[in-house]
file start.txt (compact mmCIF, C-alpha atoms and all ligand atoms)
# COMPACT_ATOMS: atom_id res chain seq x y z
CA MET I 3 55.55 -63.17 -24.43
CA ARG I 4 53.49 -66.36 -24.36
CA VAL I 5 50.65 -65.78 -26.81
CA VAL I 6 47.50 -67.87 -27.33
CA ILE I 7 46.24 -67.66 -30.92
CA THR I 8 42.75 -69.02 -31.55
CA GLY I 9 42.36 -69.93 -35.22
CA GLY I 10 46.16 -70.25 -35.44
CA ALA I 11 46.03 -73.04 -38.05
CA GLY I 12 44.23 -70.81 -40.54
CA PHE I 13 45.57 -68.51 -43.22
CA LEU I 14 46.27 -65.39 -41.10
CA GLY I 15 46.70 -67.20 -37.78
CA SER I 16 49.49 -69.46 -39.05
CA HIS I 17 51.45 -66.48 -40.42
CA LEU I 18 51.02 -64.76 -37.06
CA CYS I 19 52.31 -67.90 -35.27
CA ASP I 20 55.42 -67.87 -37.49
CA LEU I 21 56.09 -64.15 -37.03
CA LEU I 22 55.83 -64.35 -33.22
CA LEU I 23 57.95 -67.51 -32.99
CA ARG I 24 60.65 -65.99 -35.22
CA ARG I 25 60.97 -63.00 -32.90
CA GLY I 26 61.28 -65.26 -29.83
CA ASP I 27 57.76 -65.44 -28.38
CA SER I 28 56.10 -68.70 -27.28
CA VAL I 29 52.85 -69.56 -29.06
CA VAL I 30 49.90 -71.76 -28.12
CA CYS I 31 47.71 -72.31 -31.16
CA VAL I 32 44.12 -73.41 -30.49
CA ASP I 33 42.15 -74.52 -33.53
CA ASP I 34 39.40 -77.00 -34.43
CA LEU I 35 40.77 -77.38 -37.99
CA SER I 36 37.33 -76.59 -39.46
CA THR I 37 38.77 -74.27 -42.13
CA GLY I 38 42.44 -74.37 -41.12
CA ARG I 39 45.09 -76.97 -41.94
CA LEU I 40 47.87 -78.60 -39.93
CA GLU I 41 50.22 -78.19 -42.90
CA ASN I 42 50.05 -74.40 -42.37
CA LEU I 43 51.90 -75.07 -39.11
CA GLU I 44 54.81 -77.00 -40.65
CA GLU I 45 57.35 -74.31 -39.72
CA ALA I 46 55.80 -73.55 -36.32
CA ARG I 47 55.72 -77.21 -35.25
CA GLN I 48 59.48 -77.45 -35.57
CA ASN I 49 59.88 -74.81 -32.87
CA PRO I 50 59.95 -76.07 -29.23
CA ALA I 51 58.25 -72.81 -28.15
CA PHE I 52 55.13 -73.84 -30.10
CA ARG I 53 52.19 -75.89 -28.84
CA PHE I 54 49.06 -76.96 -30.70
CA ILE I 55 45.72 -77.71 -29.03
CA GLU I 56 42.88 -79.06 -31.16
CA CYS I 57 39.72 -77.55 -29.67
CA ASP I 58 36.49 -75.81 -30.63
CA VAL I 59 36.78 -72.49 -28.76
CA THR I 60 33.00 -72.02 -28.73
CA ARG I 61 32.79 -74.98 -26.32
CA ALA I 62 35.79 -74.40 -24.04
CA LEU I 63 39.16 -72.70 -23.92
CA ASP I 64 41.64 -73.55 -21.23
CA VAL I 65 45.39 -73.11 -21.43
CA THR I 66 47.70 -74.01 -18.59
CA GLY I 67 50.80 -71.97 -17.74
CA ALA I 68 51.43 -68.27 -18.19
CA VAL I 69 49.49 -66.31 -20.83
CA ASP I 70 50.57 -62.76 -21.73
CA ALA I 71 48.28 -62.21 -24.71
CA VAL I 72 45.30 -63.83 -26.43
CA ALA I 73 44.59 -63.16 -30.11
CA HIS I 74 41.09 -64.29 -31.13
CA LEU I 75 41.12 -65.17 -34.83
CA ALA I 76 38.97 -68.32 -34.72
CA SER I 77 36.04 -67.84 -37.10
CA PRO I 78 35.08 -68.90 -40.59
CA ALA I 79 36.20 -65.98 -42.76
CA SER I 80 35.52 -66.59 -46.44
CA PRO I 81 31.91 -65.97 -47.58
CA PRO I 82 31.33 -69.59 -48.77
CA ASP I 83 32.77 -70.88 -45.46
CA TYR I 84 30.56 -68.72 -43.24
CA LEU I 85 27.47 -69.24 -45.42
CA ARG I 86 27.98 -73.01 -45.00
CA ARG I 87 28.40 -72.63 -41.21
CA PRO I 88 25.98 -69.88 -40.13
CA LEU I 89 25.48 -71.00 -36.53
CA GLN I 90 29.16 -71.82 -35.93
CA THR I 91 30.04 -68.37 -37.29
CA LEU I 92 27.69 -66.63 -34.86
CA ALA I 93 29.09 -68.80 -32.05
CA ALA I 94 32.70 -67.91 -32.93
CA GLY I 95 32.02 -64.20 -32.41
CA SER I 96 29.88 -64.68 -29.30
CA ARG I 97 30.70 -67.76 -27.15
CA GLY I 98 34.15 -68.15 -28.78
CA ALA I 99 35.06 -64.50 -28.23
CA GLU I 100 33.80 -64.63 -24.64
CA ASN I 101 35.81 -67.78 -23.86
CA ALA I 102 38.91 -66.03 -25.23
CA LEU I 103 38.13 -62.87 -23.20
CA VAL I 104 37.64 -64.91 -20.01
CA LEU I 105 41.03 -66.57 -20.59
CA ALA I 106 42.70 -63.16 -21.07
CA ARG I 107 41.01 -61.77 -17.95
CA ARG I 108 42.03 -64.75 -15.81
CA HIS I 109 45.68 -64.22 -16.79
CA GLY I 110 45.70 -60.41 -16.82
CA ALA I 111 46.66 -60.74 -20.50
CA ARG I 112 46.30 -58.41 -23.47
CA PHE I 113 43.35 -59.41 -25.71
CA LEU I 114 43.24 -58.82 -29.45
CA LEU I 115 40.06 -59.24 -31.50
CA ALA I 116 40.43 -59.90 -35.24
CA SER I 117 37.38 -58.01 -36.47
CA THR I 118 36.64 -57.14 -40.07
CA SER I 119 35.82 -54.43 -42.60
CA GLU I 120 32.49 -56.29 -42.91
CA VAL I 121 31.31 -54.41 -39.79
CA TYR I 122 30.91 -51.47 -42.22
CA GLY I 123 28.57 -53.63 -44.35
CA SER I 124 27.72 -51.95 -47.64
CA PRO I 125 29.43 -48.66 -46.74
CA GLU I 126 27.93 -45.22 -47.37
CA VAL I 127 31.19 -43.55 -46.31
CA HIS I 128 34.24 -43.97 -48.52
CA PRO I 129 37.02 -44.64 -47.62
CA GLN I 130 35.89 -46.25 -44.39
CA THR I 131 37.11 -44.54 -41.21
CA GLU I 132 36.88 -46.19 -37.80
CA ASP I 133 34.25 -43.72 -36.56
CA TYR I 134 31.79 -44.80 -39.30
CA TRP I 135 29.07 -47.02 -37.76
CA GLY I 136 28.39 -49.07 -40.85
CA HIS I 137 25.41 -50.12 -42.95
CA VAL I 138 24.62 -53.79 -42.33
CA ASN I 139 21.58 -55.84 -43.28
CA PRO I 140 20.90 -57.64 -39.97
CA ILE I 141 18.99 -60.53 -41.56
CA GLY I 142 20.76 -60.85 -44.92
CA PRO I 143 22.93 -63.87 -45.73
CA ARG I 144 26.15 -62.09 -44.72
CA SER I 145 24.68 -61.06 -41.35
CA VAL I 146 25.90 -64.22 -39.60
CA TYR I 147 29.44 -62.97 -40.14
CA ASP I 148 28.91 -59.20 -39.92
CA GLU I 149 26.76 -59.28 -36.80
CA SER I 150 28.93 -61.91 -35.15
CA LYS I 151 31.90 -59.56 -35.49
CA ARG I 152 29.87 -56.53 -34.43
CA PHE I 153 28.75 -58.44 -31.31
CA ALA I 154 32.36 -59.49 -30.66
CA GLU I 155 33.40 -55.82 -30.83
CA ALA I 156 30.66 -54.85 -28.33
CA LEU I 157 31.67 -57.70 -26.00
CA THR I 158 35.35 -56.77 -26.22
CA THR I 159 34.51 -53.15 -25.45
CA ALA I 160 32.39 -54.16 -22.44
CA TYR I 161 35.19 -56.36 -21.05
CA ARG I 162 37.48 -53.33 -21.31
CA THR I 163 35.13 -50.74 -19.81
CA SER I 164 33.42 -52.84 -17.14
CA LEU I 165 36.07 -55.43 -16.24
CA GLY I 166 39.30 -53.59 -17.01
CA VAL I 167 40.69 -56.11 -19.51
CA ASN I 168 43.42 -54.65 -21.77
CA THR I 169 41.67 -55.17 -25.10
CA GLY I 170 42.36 -54.12 -28.68
CA ILE I 171 40.22 -54.39 -31.82
CA VAL I 172 41.54 -54.47 -35.38
CA ARG I 173 39.29 -54.35 -38.44
CA ILE I 174 41.00 -56.36 -41.15
CA PHE I 175 40.35 -55.57 -44.83
CA ASN I 176 40.66 -58.16 -47.64
CA THR I 177 43.98 -59.93 -47.16
CA TYR I 178 45.57 -62.50 -49.48
CA GLY I 179 48.74 -64.53 -49.81
CA PRO I 180 50.31 -67.98 -49.48
CA ARG I 181 48.34 -70.56 -47.42
CA MET I 182 44.90 -69.40 -48.52
CA ARG I 183 43.01 -72.62 -49.27
CA GLU I 184 42.66 -73.16 -53.02
CA ASP I 185 38.97 -73.88 -52.48
CA ASP I 186 38.18 -71.28 -49.83
CA GLY I 187 36.10 -69.31 -52.34
CA ARG I 188 37.62 -65.85 -51.85
CA VAL I 189 38.39 -63.87 -54.93
CA VAL I 190 42.20 -63.99 -55.00
CA SER I 191 42.46 -67.74 -54.34
CA ASN I 192 39.63 -68.45 -56.80
CA PHE I 193 41.16 -66.41 -59.63
CA ILE I 194 44.66 -67.85 -59.20
CA THR I 195 43.46 -71.47 -58.89
CA GLN I 196 41.17 -71.06 -61.89
CA ALA I 197 43.79 -69.36 -64.08
CA LEU I 198 46.56 -71.84 -63.24
CA GLY I 199 44.16 -74.71 -63.97
CA GLY I 200 43.26 -73.19 -67.36
CA GLN I 201 39.67 -72.68 -66.17
CA PRO I 202 37.56 -69.55 -66.74
CA VAL I 203 38.07 -66.84 -64.14
CA THR I 204 34.67 -66.27 -62.46
CA VAL I 205 33.82 -62.57 -62.08
CA TYR I 206 30.66 -62.00 -60.02
CA GLY I 207 28.44 -59.18 -61.28
CA SER I 208 29.92 -56.59 -63.62
CA GLY I 209 33.36 -56.73 -61.95
CA ARG I 210 33.11 -52.99 -61.27
CA GLN I 211 32.83 -53.51 -57.47
CA THR I 212 36.04 -52.63 -55.64
CA ARG I 213 38.19 -54.10 -52.90
CA SER I 214 41.54 -53.06 -51.40
CA PHE I 215 43.90 -56.02 -51.12
CA CYS I 216 46.54 -56.31 -48.41
CA TYR I 217 49.43 -58.80 -48.58
CA VAL I 218 49.54 -61.17 -45.60
CA ASP I 219 53.07 -60.25 -44.40
CA ASP I 220 52.03 -56.61 -44.05
CA LEU I 221 48.84 -57.57 -42.26
CA VAL I 222 50.40 -59.82 -39.60
CA ARG I 223 53.01 -57.11 -38.89
CA GLY I 224 50.04 -54.90 -38.00
CA LEU I 225 48.52 -57.62 -35.77
CA ALA I 226 51.82 -57.98 -33.89
CA ALA I 227 52.10 -54.19 -33.45
CA MET I 228 48.57 -54.13 -32.04
CA LEU I 229 49.38 -57.01 -29.64
CA ASP I 230 52.44 -55.10 -28.42
CA SER I 231 50.50 -51.86 -27.82
CA ASP I 232 47.82 -50.89 -25.29
CA GLU I 233 45.75 -49.27 -28.03
CA PRO I 234 42.01 -50.12 -27.67
CA GLY I 235 41.13 -49.45 -31.30
CA PRO I 236 39.25 -50.14 -33.37
CA VAL I 237 42.08 -49.77 -35.87
CA ASN I 238 41.66 -50.50 -39.59
CA LEU I 239 44.38 -52.72 -41.07
CA GLY I 240 44.44 -52.93 -44.84
CA ASN I 241 46.09 -51.64 -47.97
CA PRO I 242 44.26 -48.53 -49.23
CA ALA I 243 45.13 -49.16 -52.90
CA GLU I 244 41.69 -49.87 -54.40
CA PHE I 245 41.03 -52.07 -57.46
CA THR I 246 37.94 -53.27 -59.24
CA VAL I 247 37.40 -57.02 -59.28
CA GLY I 248 37.67 -56.79 -63.10
CA GLN I 249 41.13 -55.21 -62.77
CA LEU I 250 42.18 -57.98 -60.39
CA ALA I 251 40.98 -60.62 -62.88
CA ASP I 252 43.03 -58.98 -65.65
CA MET I 253 46.15 -58.84 -63.47
CA VAL I 254 45.90 -62.50 -62.47
CA ARG I 255 45.28 -63.59 -66.08
CA ARG I 256 48.29 -61.59 -67.29
CA MET I 257 50.60 -62.71 -64.47
CA THR I 258 49.77 -66.43 -64.67
CA GLU I 259 50.44 -66.34 -68.43
CA VAL I 260 47.61 -68.76 -69.05
CA SER I 261 44.97 -67.56 -71.47
CA ALA I 262 42.09 -68.12 -69.08
CA PRO I 263 38.81 -66.56 -70.28
CA VAL I 264 36.52 -64.52 -68.01
CA GLN I 265 33.13 -65.96 -67.08
CA TYR I 266 30.56 -63.58 -65.57
CA ARG I 267 28.33 -64.97 -62.80
CA GLN I 268 25.55 -63.54 -60.67
CA LEU I 269 26.58 -61.09 -57.96
CA PRO I 270 25.86 -62.57 -54.49
CA GLN I 271 23.19 -60.80 -52.40
CA ASP I 272 24.42 -57.80 -50.35
CA ASP I 273 27.90 -57.92 -51.94
CA PRO I 274 29.42 -54.53 -50.94
CA PRO I 275 29.97 -52.35 -54.07
CA ARG I 276 33.16 -50.76 -52.75
CA ARG I 277 35.57 -50.99 -49.89
CA ARG I 278 38.73 -49.13 -48.97
CA PRO I 279 40.32 -48.55 -45.56
CA ALA I 280 41.37 -45.21 -44.12
CA ILE I 281 44.57 -46.16 -42.30
CA ASP I 282 45.61 -42.88 -40.66
CA ARG I 283 44.84 -44.29 -37.21
CA ALA I 284 47.05 -47.35 -37.76
CA ALA I 285 49.86 -45.11 -38.98
CA ARG I 286 49.51 -42.72 -36.03
CA THR I 287 49.00 -45.21 -33.17
CA LEU I 288 51.00 -48.23 -34.38
CA GLY I 289 53.43 -46.67 -36.87
CA TRP I 290 52.00 -49.23 -39.33
CA ARG I 291 51.68 -48.96 -43.09
CA PRO I 292 51.56 -51.70 -45.73
CA ALA I 293 54.72 -51.96 -47.84
CA ILE I 294 53.85 -54.58 -50.49
CA GLY I 295 51.82 -53.58 -53.54
CA LEU I 296 49.30 -55.81 -55.31
CA GLU I 297 51.57 -56.77 -58.23
CA GLU I 298 54.39 -57.93 -55.92
CA GLY I 299 52.03 -59.68 -53.49
CA LEU I 300 50.25 -61.49 -56.34
CA ARG I 301 53.62 -62.66 -57.70
CA HIS I 302 54.48 -64.33 -54.35
CA THR I 303 50.98 -65.81 -54.08
CA ILE I 304 50.93 -67.17 -57.64
CA ASP I 305 54.39 -68.74 -57.09
CA HIS I 306 53.10 -70.39 -53.92
CA PHE I 307 49.92 -71.74 -55.57
CA ARG I 308 51.91 -73.03 -58.55
CA ALA I 309 54.44 -74.84 -56.29
CA ARG I 310 51.64 -76.32 -54.20
CA SER I 311 49.68 -77.62 -57.17
CA GLU I 312 52.88 -79.29 -58.48
CA GLU I 313 53.45 -80.83 -55.03
CA LEU I 314 49.86 -82.15 -54.94
CA ARG I 315 50.16 -83.52 -58.49
CA GLY I 316 53.43 -85.27 -57.51
CA ALA I 317 51.77 -86.80 -54.44
CA GLU I 318 48.82 -87.97 -56.58
CA LEU I 319 51.17 -89.61 -59.10
CA ARG I 320 53.14 -91.32 -56.30
CA GLY I 321 49.78 -92.51 -54.87
CA ALA I 322 48.78 -93.89 -58.28
CA ASP I 323 52.16 -95.68 -58.58
CA LEU I 324 51.68 -97.27 -55.17
CA THR I 325 48.17 -98.42 -56.13
CA VAL I 326 49.49 -100.02 -59.34
CA ALA I 327 52.44 -101.57 -57.50
CA GLY I 328 50.21 -102.75 -54.61
P1 LIG O 401 40.75 -69.04 -42.02
O1 LIG O 401 39.44 -69.69 -42.28
O2 LIG O 401 41.92 -69.45 -42.82
O3 LIG O 401 41.15 -69.18 -40.50
C1 LIG O 401 40.22 -69.30 -39.45
C2 LIG O 401 40.75 -70.35 -38.48
O4 LIG O 401 39.86 -70.46 -37.35
C3 LIG O 401 40.82 -71.75 -39.09
O5 LIG O 401 42.06 -72.35 -38.80
C4 LIG O 401 39.67 -72.51 -38.43
O6 LIG O 401 39.91 -73.90 -38.37
C5 LIG O 401 39.63 -71.84 -37.07
N1 LIG O 401 38.33 -71.92 -36.39
C6 LIG O 401 37.12 -71.55 -36.90
N2 LIG O 401 36.16 -71.76 -35.95
C7 LIG O 401 36.80 -72.25 -34.85
C8 LIG O 401 36.36 -72.67 -33.57
N3 LIG O 401 35.09 -72.62 -33.21
N4 LIG O 401 37.29 -73.13 -32.69
C9 LIG O 401 38.60 -73.19 -33.03
N5 LIG O 401 39.07 -72.82 -34.24
C10 LIG O 401 38.17 -72.35 -35.13
O7 LIG O 401 40.49 -67.46 -42.15
P2 LIG O 401 41.51 -66.24 -42.07
O8 LIG O 401 41.42 -65.49 -43.34
O9 LIG O 401 42.84 -66.69 -41.58
O10 LIG O 401 40.80 -65.34 -40.95
C11 LIG O 401 41.29 -65.28 -39.62
C12 LIG O 401 40.52 -64.23 -38.84
O11 LIG O 401 40.71 -62.95 -39.44
C13 LIG O 401 39.01 -64.47 -38.81
O12 LIG O 401 38.52 -64.13 -37.54
C14 LIG O 401 38.47 -63.51 -39.85
O13 LIG O 401 37.17 -63.10 -39.56
C15 LIG O 401 39.47 -62.36 -39.73
N6 LIG O 401 39.53 -61.59 -41.01
C16 LIG O 401 40.21 -62.09 -42.09
C17 LIG O 401 40.23 -61.36 -43.27
C18 LIG O 401 40.99 -61.83 -44.49
O14 LIG O 401 40.94 -61.13 -45.51
N7 LIG O 401 41.71 -62.93 -44.46
C19 LIG O 401 39.53 -60.14 -43.36
C20 LIG O 401 38.83 -59.70 -42.25
C21 LIG O 401 38.86 -60.43 -41.07
N1 LIG O 402 34.29 -62.45 -56.36
C1 LIG O 402 34.32 -62.70 -57.71
N2 LIG O 402 34.65 -63.96 -58.13
C2 LIG O 402 34.97 -64.96 -57.27
C3 LIG O 402 34.93 -64.70 -55.87
C4 LIG O 402 34.58 -63.42 -55.46
O1 LIG O 402 34.07 -61.82 -58.55
O2 LIG O 402 35.26 -66.08 -57.73
C5 LIG O 402 33.97 -61.07 -55.91
C6 LIG O 402 32.92 -60.98 -54.81
O3 LIG O 402 31.62 -60.96 -55.35
C7 LIG O 402 33.32 -59.67 -54.14
C8 LIG O 402 34.83 -59.62 -54.30
O4 LIG O 402 35.15 -60.52 -55.37
O5 LIG O 402 32.75 -58.58 -54.84
C9 LIG O 402 35.58 -60.04 -53.05
O6 LIG O 402 35.07 -61.28 -52.65
P1 LIG O 402 35.69 -62.14 -51.44
O7 LIG O 402 34.78 -63.32 -51.24
O8 LIG O 402 37.12 -62.41 -51.66
O9 LIG O 402 35.62 -61.16 -50.18
P2 LIG O 402 34.50 -60.18 -49.59
O10 LIG O 402 35.13 -58.85 -49.62
O11 LIG O 402 33.27 -60.22 -50.43
O12 LIG O 402 34.26 -60.72 -48.23
call {"tool": "encode", "arguments": {"input": "start.txt", "output": "structure tokens"}}
result
Amino acid sequence: MRVVITGGAGFLGSHLCDLLLRRGDSVVCVDDLSTGRLENLEEARQNPAFRFIECDVTRALDVTGAVDAVAHLASPASPPDYLRRPLQTLAAGSRGAENALVLARRHGARFLLASTSEVYGSPEVHPQTEDYWGHVNPIGPRSVYDESKRFAEALTTAYRTSLGVNTGIVRIFNTYGPRMREDDGRVVSNFITQALGGQPVTVYGSGRQTRSFCYVDDLVRGLAAMLDSDEPGPVNLGNPAEFTVGQLADMVRRMTEVSAPVQYRQLPQDDPPRRRPAIDRAARTLGWRPAIGLEEGLRHTIDHFRARSEELRGAELRGADLTVAG
């Protein structure tokens, strides 16, 4: 297959690029590098079947040559990122999603929308099943992300029902792993960066709110299975093992072996008190289940963050040497 991945230089998108290239697909990654990084594509760029186009998909999206599938991942995803870019976030789920759908339609390609558990908002049904309509504050601070994704789901559905495009929707639950930006503000990257730096680990609210954390390798396996299928979805993709944020903080502090204290901060407005995916549909339609538990996934992620901070420190020292020498 030749697959276009919007947002392919980001955390999830770059892992999806690598997985598809490793199995022999060609990949065109389209990204404006607003929250993604070229260094995420180090492995992909060594593969002749990979092409990178720097482009804001809310303005235009054109790819020459054959296209068999389009995966639309381009969107700010971490709360601090989308709160900083409210209008761009709304555009990513509306104009960006439509540009990606038009591209898929023109090529008769499969279209995959990376939606989110945030469409359930602050859920009144637990665990969240795909037939639950959600509980979203349409004018709260998180609405720019939640409603953008809800609109993208409606648009995707309309392209399927009225224009016959082969579309699929996945709702991704909190995913973590190597290549998250240290400063992207999500809980796993924050806790690990803080603990490794000997800084207090910042728990928002009481820490009794829950999330269900999925390791990135499991998640992108689910994205690939959805690309390969004709399943319309929506399909939840996530790891149903549920933890409180306080438990996560304790695990990271224990596993980094740095005696980082906990600092409690104010809970952000509309922060969902609990979240856990029902994944029966993914198991039934895609044969997909996560295989990597939180302890193992955190170990890989902590190793990655530690190696990267040593790399950055080394580069800083070399830079300082050059300045002295120069
Ligand atoms: P990320 O911020 O690392 O990646 C997003 C990528 O999209 C970045 O490379 C960014 O530069 C690019 N991008 C943003 N706006 C763009 C635009 N207008 N044009 C071109 N490129 C643009 O985030 P991520 O965690 O990798 O998320 C990827 C997708 O998965 C997003 O759509 C997000 O909503 C969805 N998702 C992620 C999670 C998660 O836990 N990681 C959970 C639910 C949904
Ligand atoms: N959180 C926290 N400390 C942090 C960052 C986040 O306690 O430094 C909490 C946040 O309030 C939420 C949970 O961790 O309850 C998950 O936050 P994240 O931003 O990773 O994802 P969300 O599920 O809220 O989109």
call {"tool": "closest_residue", "arguments": {"input": "start.txt", "among": "I:Glu45, I:Asp34, I:Asp282, I:Asp232", "to": "Ser77 (chain I)", "atoms": "all atoms listed in the file"}}
result
I:Asp34
call {"tool": "closest_residue", "arguments": {"input": "start.txt", "among": "I:Ala62, I:Ile55, I:Leu300, I:Ala243", "to": "Leu40 (chain I)", "atoms": "all atoms listed in the file"}}
result
I:Ile55
call {"tool": "residues_near_ligand", "arguments": {"input": "start.txt", "ligand": "ligand LIG 402 (chain O)", "cutoff": "6 Å", "atoms": "all atoms listed in the file", "output": "list in words"}}
result
Ser80, Pro81, Asn176, Gly187, Arg188, Val189, Asn192, Thr204, Val205, Tyr206, Gln211, Val247, Leu269 and Asp273 of chain I
call {"tool": "residues_near_ligand", "arguments": {"input": "start.txt", "ligand": "ligand LIG 401 (chain O)", "cutoff": "6 Å", "atoms": "only C-alpha atoms and all ligand atoms", "output": "PyMOL selection string"}}
result
chain I and resi 8-15+33-38+57-60+75-79+94+116-118+174-177
call {"tool": "closest_residue", "arguments": {"input": "start.txt", "among": "I:Arg277, I:Arg213, I:Arg181, I:Arg283", "to": "Arg310 (chain I)", "atoms": "all atoms listed in the file"}}
result
I:Arg181
call {"tool": "atom_distance", "arguments": {"input": "start.txt", "atom1": "CA of Ala262 (chain I)", "atom2": "CA of Glu184 (chain I)"}}
result
16.8 Å
call {"tool": "atom_distance", "arguments": {"input": "start.txt", "atom1": "CA of Leu239 (chain I)", "atom2": "CA of Arg61 (chain I)"}}
result
29.1 Å
call {"tool": "atom_distance", "arguments": {"input": "start.txt", "atom1": "CA of Thr246 (chain I)", "atom2": "CA of Pro129 (chain I)"}}
result
14.5 Å
call {"tool": "closest_residue", "arguments": {"input": "start.txt", "among": "I:Glu233, I:Glu126, I:Glu149, I:Glu297", "to": "Arg162 (chain I)", "atoms": "only C-alpha atoms"}}
result
I:Glu233
call {"tool": "closest_residue", "arguments": {"input": "start.txt", "among": "I:Tyr147, I:Tyr178, I:Phe52, I:Phe113", "to": "Thr159 (chain I)", "atoms": "only C-alpha atoms"}}
result
I:Phe113
call {"tool": "residues_around", "arguments": {"input": "start.txt", "residues": "Gly248 (chain I)", "least_positions_apart": "5", "cutoff": "9 Å", "atoms": "only C-alpha atoms", "output": "PyMOL selection string"}}
result
chain I and resi 205+208-212+253
call {"tool": "decode", "arguments": {"input": "start.txt", "residues": "region 235-241 of chain I", "atoms": "all heavy atoms", "output": "PDB file, in the first residue's frame"}}
result
ATOM      1  N   GLY I 235     -16.190   1.487  12.096  1.00  0.00           N
ATOM      2  CA  GLY I 235     -16.079   1.989  13.451  1.00  0.00           C
ATOM      3  C   GLY I 235     -17.307   2.767  13.855  1.00  0.00           C
ATOM      4  O   GLY I 235     -18.341   2.650  13.199  1.00  0.00           O
ATOM      5  N   PRO I 236     -17.217   3.593  14.875  1.00  0.00           N
ATOM      6  CA  PRO I 236     -15.999   3.851  15.648  1.00  0.00           C
ATOM      7  C   PRO I 236     -15.571   2.647  16.477  1.00  0.00           C
ATOM      8  O   PRO I 236     -16.405   1.885  16.947  1.00  0.00           O
ATOM      9  CB  PRO I 236     -16.394   5.015  16.560  1.00  0.00           C
ATOM     10  CG  PRO I 236     -17.880   4.922  16.672  1.00  0.00           C
ATOM     11  CD  PRO I 236     -18.369   4.360  15.381  1.00  0.00           C
ATOM     12  N   VAL I 237     -14.232   2.513  16.612  1.00  0.00           N
ATOM     13  CA  VAL I 237     -13.659   1.442  17.413  1.00  0.00           C
ATOM     14  C   VAL I 237     -12.757   2.077  18.464  1.00  0.00           C
ATOM     15  O   VAL I 237     -11.865   2.871  18.113  1.00  0.00           O
ATOM     16  CB  VAL I 237     -12.811   0.491  16.528  1.00  0.00           C
ATOM     17  CG1 VAL I 237     -12.114  -0.554  17.383  1.00  0.00           C
ATOM     18  CG2 VAL I 237     -13.656  -0.198  15.464  1.00  0.00           C
ATOM     19  N   ASN I 238     -12.983   1.751  19.734  1.00  0.00           N
ATOM     20  CA  ASN I 238     -12.076   2.217  20.797  1.00  0.00           C
ATOM     21  C   ASN I 238     -10.754   1.473  20.702  1.00  0.00           C
ATOM     22  O   ASN I 238     -10.739   0.244  20.549  1.00  0.00           O
ATOM     23  CB  ASN I 238     -12.657   1.890  22.175  1.00  0.00           C
ATOM     24  CG  ASN I 238     -13.845   2.757  22.557  1.00  0.00           C
ATOM     25  OD1 ASN I 238     -14.044   3.838  22.000  1.00  0.00           O
ATOM     26  ND2 ASN I 238     -14.618   2.296  23.531  1.00  0.00           N
ATOM     27  N   LEU I 239      -9.640   2.210  20.831  1.00  0.00           N
ATOM     28  CA  LEU I 239      -8.325   1.576  20.949  1.00  0.00           C
ATOM     29  C   LEU I 239      -7.680   2.105  22.226  1.00  0.00           C
ATOM     30  O   LEU I 239      -7.442   3.320  22.348  1.00  0.00           O
ATOM     31  CB  LEU I 239      -7.433   1.906  19.754  1.00  0.00           C
ATOM     32  CG  LEU I 239      -7.799   1.309  18.388  1.00  0.00           C
ATOM     33  CD1 LEU I 239      -6.785   1.764  17.330  1.00  0.00           C
ATOM     34  CD2 LEU I 239      -7.850  -0.228  18.421  1.00  0.00           C
ATOM     35  N   GLY I 240      -7.432   1.227  23.164  1.00  0.00           N
ATOM     36  CA  GLY I 240      -6.806   1.644  24.413  1.00  0.00           C
ATOM     37  C   GLY I 240      -6.588   0.428  25.288  1.00  0.00           C
ATOM     38  O   GLY I 240      -7.068  -0.666  24.974  1.00  0.00           O
ATOM     39  N   ASN I 241      -5.868   0.636  26.351  1.00  0.00           N
ATOM     40  CA  ASN I 241      -5.611  -0.462  27.294  1.00  0.00           C
ATOM     41  C   ASN I 241      -6.581  -0.307  28.469  1.00  0.00           C
ATOM     42  O   ASN I 241      -6.561   0.710  29.156  1.00  0.00           O
ATOM     43  CB  ASN I 241      -4.165  -0.386  27.785  1.00  0.00           C
ATOM     44  CG  ASN I 241      -3.781  -1.628  28.576  1.00  0.00           C
ATOM     45  OD1 ASN I 241      -4.607  -2.160  29.325  1.00  0.00           O
ATOM     46  ND2 ASN I 241      -2.554  -2.076  28.402  1.00  0.00           N
TER      47      ASN I 241
END
